$ cat final.txt   # compact mmCIF, C-alpha atoms (C1' of nucleotides)
# COMPACT_ATOMS: atom_id res chain seq x y z
CA MET A 1 -6.70 21.55 -2.24
CA ASP A 2 -8.48 18.43 -1.14
CA GLY A 3 -8.44 17.44 2.48
CA THR A 4 -6.82 14.16 1.65
CA ASP A 5 -6.57 12.93 -1.89
CA GLN A 6 -6.17 9.25 -2.49
CA LEU A 7 -2.48 9.30 -3.30
CA SER A 8 -1.66 11.34 -0.22
CA ALA A 9 -3.60 8.91 1.94
CA VAL A 10 -1.64 6.01 0.49
CA PHE A 11 1.79 7.57 0.91
CA SER A 12 0.81 8.72 4.34
CA ALA A 13 -0.24 5.20 5.28
CA LEU A 14 3.04 3.83 3.98
CA ALA A 15 5.02 6.35 6.00
CA ASP A 16 4.62 4.29 9.15
CA PRO A 17 6.95 1.28 9.56
CA THR A 18 4.39 -0.65 11.58
CA ARG A 19 1.80 -0.24 8.84
CA ARG A 20 4.29 -1.36 6.21
CA ALA A 21 5.03 -4.40 8.33
CA ILE A 22 1.33 -5.09 8.66
CA LEU A 23 0.95 -4.99 4.88
CA ALA A 24 3.88 -7.37 4.57
CA GLU A 25 2.14 -9.70 6.98
CA LEU A 26 -1.09 -9.50 5.00
CA ALA A 27 0.79 -10.26 1.81
CA ASP A 28 1.32 -13.75 3.17
CA HIS A 29 -2.13 -14.36 4.59
CA GLU A 30 -5.25 -12.68 5.84
CA ALA A 31 -5.11 -12.13 9.57
CA THR A 32 -7.19 -11.09 12.54
CA VAL A 33 -6.41 -8.09 14.69
CA THR A 34 -5.07 -10.31 17.45
CA GLU A 35 -2.77 -12.08 15.03
CA LEU A 36 -1.57 -8.78 13.66
CA THR A 37 -0.92 -7.43 17.11
CA ALA A 38 1.28 -10.31 18.23
CA PRO A 39 4.45 -9.42 16.27
CA PHE A 40 4.50 -5.80 17.47
CA PRO A 41 5.36 -4.22 20.79
CA ILE A 42 2.22 -2.10 20.75
CA SER A 43 -1.27 -2.56 22.11
CA MET A 44 -4.21 -3.94 20.20
CA PRO A 45 -6.02 -0.60 20.09
CA ALA A 46 -2.94 0.86 18.43
CA VAL A 47 -3.02 -1.87 15.79
CA SER A 48 -6.73 -1.39 15.37
CA ARG A 49 -6.11 2.25 14.53
CA HIS A 50 -3.36 1.37 12.07
CA LEU A 51 -5.83 -0.92 10.37
CA LYS A 52 -8.34 1.89 10.18
CA VAL A 53 -5.75 4.09 8.49
CA LEU A 54 -4.94 1.33 6.02
CA GLU A 55 -8.63 0.82 5.38
CA ARG A 56 -9.20 4.51 4.71
CA ALA A 57 -6.33 4.38 2.23
CA ALA A 58 -8.08 1.39 0.67
CA LEU A 59 -4.98 -0.71 1.22
CA ILE A 60 -6.93 -3.36 3.08
CA SER A 61 -10.50 -4.60 3.25
CA ARG A 62 -12.09 -6.27 6.23
CA THR A 63 -14.72 -8.90 6.73
CA ARG A 64 -16.38 -10.19 9.82
CA SER A 65 -16.22 -13.93 10.44
CA GLY A 66 -18.14 -14.59 13.58
CA LYS A 67 -16.18 -13.11 16.41
CA TRP A 68 -13.20 -12.21 14.28
CA ARG A 69 -12.48 -9.48 11.78
CA SER A 70 -10.15 -10.56 9.06
CA SER A 71 -7.99 -8.08 7.16
CA ARG A 72 -7.07 -8.64 3.55
CA LEU A 73 -4.50 -6.82 1.44
CA GLU A 74 -5.90 -4.64 -1.34
CA ALA A 75 -3.02 -3.64 -3.55
CA ALA A 76 -4.75 -1.41 -6.08
CA PRO A 77 -3.70 1.83 -4.37
CA LEU A 78 -0.12 0.60 -4.39
CA ARG A 79 -0.39 0.45 -8.14
CA ASP A 80 -1.28 4.12 -8.19
CA ALA A 81 1.61 4.96 -5.91
CA ALA A 82 3.97 2.93 -8.07
CA ASP A 83 2.67 4.65 -11.19
CA TRP A 84 3.34 8.03 -9.67
CA ILE A 85 6.89 7.14 -8.71
CA GLU A 86 7.53 5.53 -12.07
CA ARG A 87 7.55 8.93 -13.70
CA TYR A 88 10.86 9.57 -12.01
CA ARG A 89 12.48 6.33 -12.98
CA ARG A 90 14.56 7.98 -15.67
CA PHE A 91 16.22 10.03 -12.96
CA TRP A 92 17.69 7.03 -11.23
CA ASP A 93 17.73 4.47 -13.99
CA SER A 94 20.96 5.34 -15.73
CA SER A 95 20.72 2.68 -18.40
CA LEU A 96 18.35 4.38 -20.77
CA ASP A 97 18.31 1.36 -23.06
CA ARG A 98 16.04 -0.14 -20.45
CA LEU A 99 13.42 2.45 -21.19
CA ASP A 100 11.73 0.21 -23.74
CA VAL A 101 11.30 -2.49 -21.13
CA HIS A 102 9.88 0.07 -18.78
CA LEU A 103 7.41 1.39 -21.31
CA ALA A 104 6.49 -2.14 -22.25
CA ARG A 105 5.45 -2.75 -18.71
CA VAL A 106 3.76 0.56 -18.05
CA GLN A 107 1.65 0.47 -21.17
CA GLY A 108 1.63 -3.29 -21.06
CA ALA A 109 -1.26 -5.41 -22.21
CA GLY A 110 -3.60 -7.09 -19.78
CA ARG A 111 -4.39 -3.84 -18.04
CA ALA A 112 -7.41 -1.77 -19.00
CA THR A 113 -6.94 1.94 -19.56
CA ARG A 114 -7.44 3.73 -16.31
CA ALA A 115 -8.04 7.40 -15.70
CA HIS A 116 -5.10 8.99 -13.99
CA ASP A 117 -5.13 12.32 -12.20
CA GLN A 118 -2.50 14.53 -13.68
CA GLU A 119 -1.89 16.40 -10.45
CA ALA A 120 1.84 16.45 -10.02
CA MET B 1 11.36 1.19 15.90
CA ASP B 2 13.54 3.91 14.53
CA GLY B 3 12.62 7.54 14.98
CA THR B 4 12.57 8.04 11.26
CA ASP B 5 14.03 5.47 8.94
CA GLN B 6 14.84 6.49 5.43
CA LEU B 7 11.86 4.86 3.76
CA SER B 8 9.43 6.40 6.22
CA ALA B 9 10.93 9.81 5.59
CA VAL B 10 10.48 9.36 1.85
CA PHE B 11 6.88 8.17 2.01
CA SER B 12 6.13 10.87 4.52
CA ALA B 13 7.60 13.49 2.19
CA LEU B 14 5.54 12.15 -0.70
CA ALA B 15 2.36 12.29 1.36
CA ASP B 16 2.02 16.01 0.79
CA PRO B 17 0.56 17.14 -2.58
CA THR B 18 2.54 20.37 -2.56
CA ARG B 19 5.78 18.48 -2.11
CA ARG B 20 4.88 16.08 -4.90
CA ALA B 21 4.18 19.07 -7.10
CA ILE B 22 7.54 20.58 -6.15
CA LEU B 23 9.27 17.38 -7.16
CA ALA B 24 7.41 17.46 -10.46
CA GLU B 25 8.64 20.99 -10.97
CA LEU B 26 12.20 19.99 -10.20
CA ALA B 27 11.95 17.14 -12.65
CA ASP B 28 11.85 19.74 -15.39
CA HIS B 29 14.51 22.08 -14.10
CA GLU B 30 16.37 23.18 -11.02
CA ALA B 31 14.69 26.10 -9.36
CA THR B 32 15.12 28.69 -6.64
CA VAL B 33 12.83 29.02 -3.67
CA THR B 34 11.18 32.07 -5.18
CA GLU B 35 10.51 30.22 -8.41
CA LEU B 36 9.12 27.26 -6.51
CA THR B 37 6.88 29.48 -4.45
CA ALA B 38 5.22 31.18 -7.42
CA PRO B 39 2.92 28.34 -8.52
CA PHE B 40 1.51 27.74 -5.05
CA PRO B 41 -0.93 29.66 -2.91
CA ILE B 42 1.33 29.45 0.12
CA SER B 43 4.01 31.68 1.55
CA MET B 44 7.72 31.38 0.87
CA PRO B 45 8.51 30.22 4.41
CA ALA B 46 6.05 27.39 3.89
CA VAL B 47 7.82 26.36 0.69
CA SER B 48 11.15 26.68 2.43
CA ARG B 49 9.99 24.18 5.00
CA HIS B 50 8.73 21.79 2.36
CA LEU B 51 12.16 21.96 0.81
CA LYS B 52 13.73 21.15 4.13
CA VAL B 53 11.52 18.09 4.44
CA LEU B 54 12.46 16.99 0.94
CA GLU B 55 16.10 17.57 1.73
CA ARG B 56 15.92 15.50 4.91
CA ALA B 57 14.37 12.72 2.85
CA ALA B 58 17.30 13.13 0.44
CA LEU B 59 14.86 13.78 -2.39
CA ILE B 60 16.57 17.03 -3.28
CA SER B 61 19.98 18.60 -2.89
CA ARG B 62 20.67 22.29 -2.73
CA THR B 63 23.47 24.55 -3.78
CA ARG B 64 24.09 28.19 -3.20
CA SER B 65 24.67 30.37 -6.25
CA GLY B 66 25.32 33.83 -4.97
CA LYS B 67 22.12 35.14 -3.54
CA TRP B 68 20.06 32.18 -4.66
CA ARG B 69 19.68 28.62 -3.45
CA SER B 70 18.94 26.19 -6.21
CA SER B 71 17.14 22.93 -5.55
CA ARG B 72 17.84 19.83 -7.59
CA LEU B 73 15.91 16.58 -7.74
CA GLU B 74 17.66 13.55 -6.25
CA ALA B 75 15.70 10.49 -7.25
CA ALA B 76 17.65 7.75 -5.48
CA PRO B 77 15.22 7.53 -2.54
CA LEU B 78 12.37 7.17 -5.00
CA ARG B 79 14.08 4.07 -6.28
CA ASP B 80 14.00 2.63 -2.77
CA ALA B 81 10.33 3.51 -2.42
CA ALA B 82 9.59 1.96 -5.80
CA ASP B 83 11.52 -1.17 -4.84
CA TRP B 84 9.50 -1.52 -1.69
CA ILE B 85 6.21 -1.18 -3.52
CA GLU B 86 7.33 -3.53 -6.27
CA ARG B 87 7.10 -6.43 -3.86
CA TYR B 88 3.36 -6.11 -4.05
CA ARG B 89 3.10 -5.90 -7.78
CA ARG B 90 1.90 -9.48 -8.06
CA PHE B 91 -1.15 -8.48 -6.04
CA TRP B 92 -2.38 -6.02 -8.62
CA ASP B 93 -0.70 -7.25 -11.77
CA SER B 94 -3.09 -9.95 -12.82
CA SER B 95 -1.28 -10.95 -15.99
CA LEU B 96 1.39 -13.16 -14.52
CA ASP B 97 2.94 -13.72 -17.91
CA ARG B 98 4.32 -10.22 -17.50
CA LEU B 99 6.32 -11.38 -14.52
CA ASP B 100 9.35 -12.08 -16.68
CA VAL B 101 9.36 -8.50 -17.89
CA HIS B 102 9.08 -7.33 -14.34
CA LEU B 103 11.94 -9.49 -13.15
CA ALA B 104 14.01 -8.42 -16.13
CA ARG B 105 13.70 -4.86 -15.00
CA VAL B 106 14.10 -5.40 -11.27
CA GLN B 107 17.20 -7.53 -11.60
CA GLY B 108 18.16 -5.70 -14.75
CA ALA B 109 21.73 -4.97 -15.77
CA GLY B 110 23.30 -1.60 -15.27
CA ARG B 111 22.43 -1.54 -11.62
CA ALA B 112 24.94 -2.59 -9.01
CA THR B 113 23.81 -4.86 -6.22
CA ARG B 114 22.58 -2.72 -3.38
CA ALA B 115 22.00 -3.63 0.22
CA HIS B 116 18.34 -3.61 1.08
CA ASP B 117 16.91 -3.46 4.55
CA GLN B 118 14.61 -6.37 5.01
CA GLU B 119 12.30 -4.52 7.38
CA ALA B 120 8.87 -5.16 6.02
C1' DC C 1 28.43 51.59 4.64
C1' DA C 2 23.48 51.30 3.66
C1' DT C 3 19.96 49.39 1.27
C1' DA C 4 17.71 45.74 -1.19
C1' DC C 5 16.90 41.04 -2.27
C1' DA C 6 16.67 35.84 -1.34
C1' DT C 7 16.00 32.80 1.98
C1' DT C 8 15.70 30.97 6.64
C1' DT C 9 14.41 30.94 11.50
C1' DA C 10 11.36 32.19 15.34
C1' DA C 11 7.04 32.23 17.43
C1' DC C 12 2.49 31.09 17.32
C1' DG C 13 -2.04 28.29 16.50
C1' DA C 14 -4.98 24.67 14.71
C1' DG C 15 -5.16 20.17 13.42
C1' DT C 16 -3.46 15.45 13.18
C1' DA C 17 -0.69 11.28 14.50
C1' DC C 18 0.54 7.70 17.57
C1' DG C 19 0.85 5.67 21.81
C1' DT C 20 -1.36 4.51 26.30
C1' DT C 21 -5.27 2.59 29.63
C1' DA C 22 -10.14 2.11 30.53
C1' DA C 23 -14.64 1.50 29.06
C1' DG C 24 -17.99 0.02 25.43
C1' DT C 25 -19.89 -3.22 21.71
C1' DG C 26 -21.04 -7.48 19.59
C1' DA C 27 -20.91 -12.41 18.92
C1' DG C 28 -20.37 -17.16 20.93
C1' DG C 29 -20.28 -20.54 24.63
C1' DA C 30 -21.40 -22.46 29.47
C1' DT D 1 -28.70 -15.18 30.99
C1' DC D 2 -24.05 -14.35 32.18
C1' DC D 3 -19.45 -14.56 31.01
C1' DT D 4 -15.76 -14.39 27.89
C1' DC D 5 -13.38 -13.26 23.86
C1' DA D 6 -12.29 -10.10 19.86
C1' DC D 7 -12.29 -5.84 18.78
C1' DT D 8 -13.40 -0.76 18.78
C1' DT D 9 -14.10 3.68 20.85
C1' DA D 10 -13.23 7.16 24.38
C1' DA D 11 -10.22 10.01 26.80
C1' DC D 12 -5.86 11.54 27.47
C1' DG D 13 -0.77 13.19 26.71
C1' DT D 14 2.88 14.23 23.81
C1' DA D 15 4.76 15.36 19.65
C1' DC D 16 4.75 16.58 14.99
C1' DT D 17 2.76 18.94 10.71
C1' DC D 18 1.47 22.77 8.04
C1' DG D 19 0.17 27.20 7.68
C1' DT D 20 0.74 32.12 9.12
C1' DT D 21 3.48 36.80 10.06
C1' DA D 22 7.55 39.06 11.88
C1' DA D 23 12.29 39.07 12.65
C1' DA D 24 16.94 37.24 11.51
C1' DT D 25 20.62 36.01 8.23
C1' DG D 26 23.47 36.31 4.31
C1' DT D 27 24.91 38.01 -0.10
C1' DA D 28 25.21 41.42 -3.67
C1' DT D 29 25.01 46.31 -5.16
C1' DG D 30 24.58 51.45 -5.12
$ encode --input "final.txt" --output "structure tokens"
Amino acid sequence: MDGTDQLSAVFSALADPTRRAILAELADHEATVTELTAPFPISMPAVSRHLKVLERAALISRTRSGKWRSSRLEAAPLRDAADWIERYRRFWDSSLDRLDVHLARVQGAGRATRAHDQEA
Amino acid sequence: MDGTDQLSAVFSALADPTRRAILAELADHEATVTELTAPFPISMPAVSRHLKVLERAALISRTRSGKWRSSRLEAAPLRDAADWIERYRRFWDSSLDRLDVHLARVQGAGRATRAHDQEA
DNA sequence: CATACATTTAACGAGTACGTTAAGTGAGGA
DNA sequence: TCCTCACTTAACGTACTCGTTAAATGTATG
């Protein structure tokens, strides 16, 4: 088994409430480490490490702008996570007549065919 | 922050490939611990612990049938996880004309209004 | 009752996660 | 150049994860 496959890294990153909150923040706007630290009762080094985890999971990208490092949301891995979970939709979505809508979206146009690991 | 909120427990449970594979197994059929152990190169106690993690995350329920304990998939928490991720769909779903389909499903009929923690 | 079978719990070890404070790096500004 | 600001890395403690093997536990069954 791989040390850390992509999907595991993503779910693992999402397992922390602070990191989820950081992603929520970044959904609104890019932000520097200082800005991201402000809302939380933890130190800047702690936030810096959270950002590193998110970066390793490819959930954010970072660019240097002079003295500041700006973090930007990268949602592609969330798509993979969503795709994985989607397989179980039928187990909670009681109205099966919605399946067509679901399939329409999953196989929907506007998205190129991507290779998916079959894993689980 | 909470010791372990529900969503964190779910994402944390999903972060392990073995546990994801167990869920995939249970999607096909209920299974005993022995049956669930067979496909994996780990000991039964290890699987037993994975099942405990999944149970704490409410992703499975278990019933005793004589000598055996059967595990059953409980997908409700996956719905919560999916709902959380869905908020970011617009960041990877470039074709915005699919938004209506998305909204149709998210707010779709057949699902009672549920309370959602606003958290992140 | 004794034995076997299914599963869990205990005890241990290595590795990782998450927080802290203190020290290091790198880019501007006086 | 020296100082400051933004951020990262180092060092540390505590706690949790994931695996192991060995010892319970609990439920048939001979």
$ atom_distance --input "final.txt" --atom1 "CA of Leu36 in chain B" --atom2 "CA of Leu14 in chain B"
16.6 Å
$ closest_residue --input "final.txt" --among "B:Arg19, B:Arg69, B:Arg56, B:Arg49" --to "chain A" --atoms "only C-alpha atoms"
B:Arg19
$ interface_residues --input "final.txt" --of "chain D" --to "chain A" --cutoff "9 Å" --atoms "only C-alpha atoms (C1' of nucleotides)" --output "PyMOL selection string"
chain D and resi 5-8
$ write_last_selection --input "final.txt" --atoms "C-alpha atoms (C1' of nucleotides)" --output "PDB file, in the coordinates of the input"
ATOM      1  C1'  DC D   5     -13.380 -13.260  23.860  1.00  0.00           C
ATOM      2  C1'  DA D   6     -12.290 -10.100  19.860  1.00  0.00           C
ATOM      3  C1'  DC D   7     -12.290  -5.840  18.780  1.00  0.00           C
ATOM      4  C1'  DT D   8     -13.400  -0.760  18.780  1.00  0.00           C
TER       5       DT D   8
END
$ closest_atom_pairs --input "final.txt" --of "chain D" --to "range 6-12 of chain C" --cutoff "9 Å" --atoms "only C-alpha atoms (C1' of nucleotides)" --output "tab-separated table"
residue	atom	partner	partner_atom	distance
D:DT20	C1'	C:DC12	C1'	8.4
D:DA22	C1'	C:DA10	C1'	8.6
D:DA23	C1'	C:DA10	C1'	7.4
D:DA24	C1'	C:DT9	C1'	6.8
D:DT25	C1'	C:DT8	C1'	7.2
D:DG26	C1'	C:DT7	C1'	8.6
D:DT27	C1'	C:DA6	C1'	8.6
$ residues_around --input "final.txt" --residues "DT3 in chain C" --least-positions-apart "4" --cutoff "12 Å" --atoms "only C-alpha atoms (C1' of nucleotides)" --output "list in words"
DA28, DT29 and DG30 of chain D
$ closest_residue --input "final.txt" --among "B:Thr18, B:Asp5, B:Arg90, B:Ala76" --to "Ile42 in chain B" --atoms "all atoms listed in the file"
B:Thr18
$ closest_residue --input "final.txt" --among "B:Arg79, B:Arg72, B:His29, B:Arg62" --to "Phe11 in chain B" --atoms "all atoms listed in the file"
B:Arg79
$ residues_around --input "final.txt" --residues "DT21 in chain C" --least-positions-apart "4" --cutoff "12 Å" --atoms "all atoms listed in the file" --output "NGL selection string"
(:A and (43-46)) or (:D and (10-13))
$ atom_distance --input "final.txt" --atom1 "C1' of DC18 in chain D" --atom2 "CA of His50 in chain B"
9.3 Å
$ interface_residues --input "final.txt" --of "chain C" --to "chain A" --cutoff "9 Å" --atoms "all atoms listed in the file" --output "mmCIF file with C-alpha atoms (C1' of nucleotides), in the frame of the given file"
data_model
loop_
_atom_site.group_PDB
_atom_site.id
_atom_site.type_symbol
_atom_site.label_atom_id
_atom_site.label_comp_id
_atom_site.auth_asym_id
_atom_site.auth_seq_id
_atom_site.Cartn_x
_atom_site.Cartn_y
_atom_site.Cartn_z
ATOM 1 C "C1'" DC C 18 0.540 7.700 17.570
ATOM 2 C "C1'" DG C 19 0.850 5.670 21.810
ATOM 3 C "C1'" DT C 20 -1.360 4.510 26.300
ATOM 4 C "C1'" DG C 26 -21.040 -7.480 19.590
ATOM 5 C "C1'" DA C 27 -20.910 -12.410 18.920
ATOM 6 C "C1'" DG C 28 -20.370 -17.160 20.930
#
$ atom_distance --input "final.txt" --atom1 "CA of Leu7 in chain B" --atom2 "CA of Ala81 in chain B"
6.5 Å
$ closest_residue --input "final.txt" --among "B:Ile22, B:Glu86, B:Leu51, B:Trp92" --to "Ala38 in chain B" --atoms "all atoms listed in the file"
B:Ile22
$ axis_aligned_box --input "final.txt" --around "range 8-19 of chain D" --padding-each-side "3 Å" --output "lines of an AutoDock Vina configuration file"
center_x = -4.7
center_y = 13.2
center_z = 17.6
size_x = 24.9
size_y = 34.0
size_z = 25.8
$ closest_residue --input "final.txt" --among "A:Leu54, A:Val10, A:Ile60, A:Val47" --to "chain B" --atoms "only C-alpha atoms"
A:Val10
$ closest_residue --input "final.txt" --among "A:Trp84, A:Thr37, A:Ser71, A:Ser61" --to "Pro17 in chain B" --atoms "all atoms listed in the file"
A:Trp84
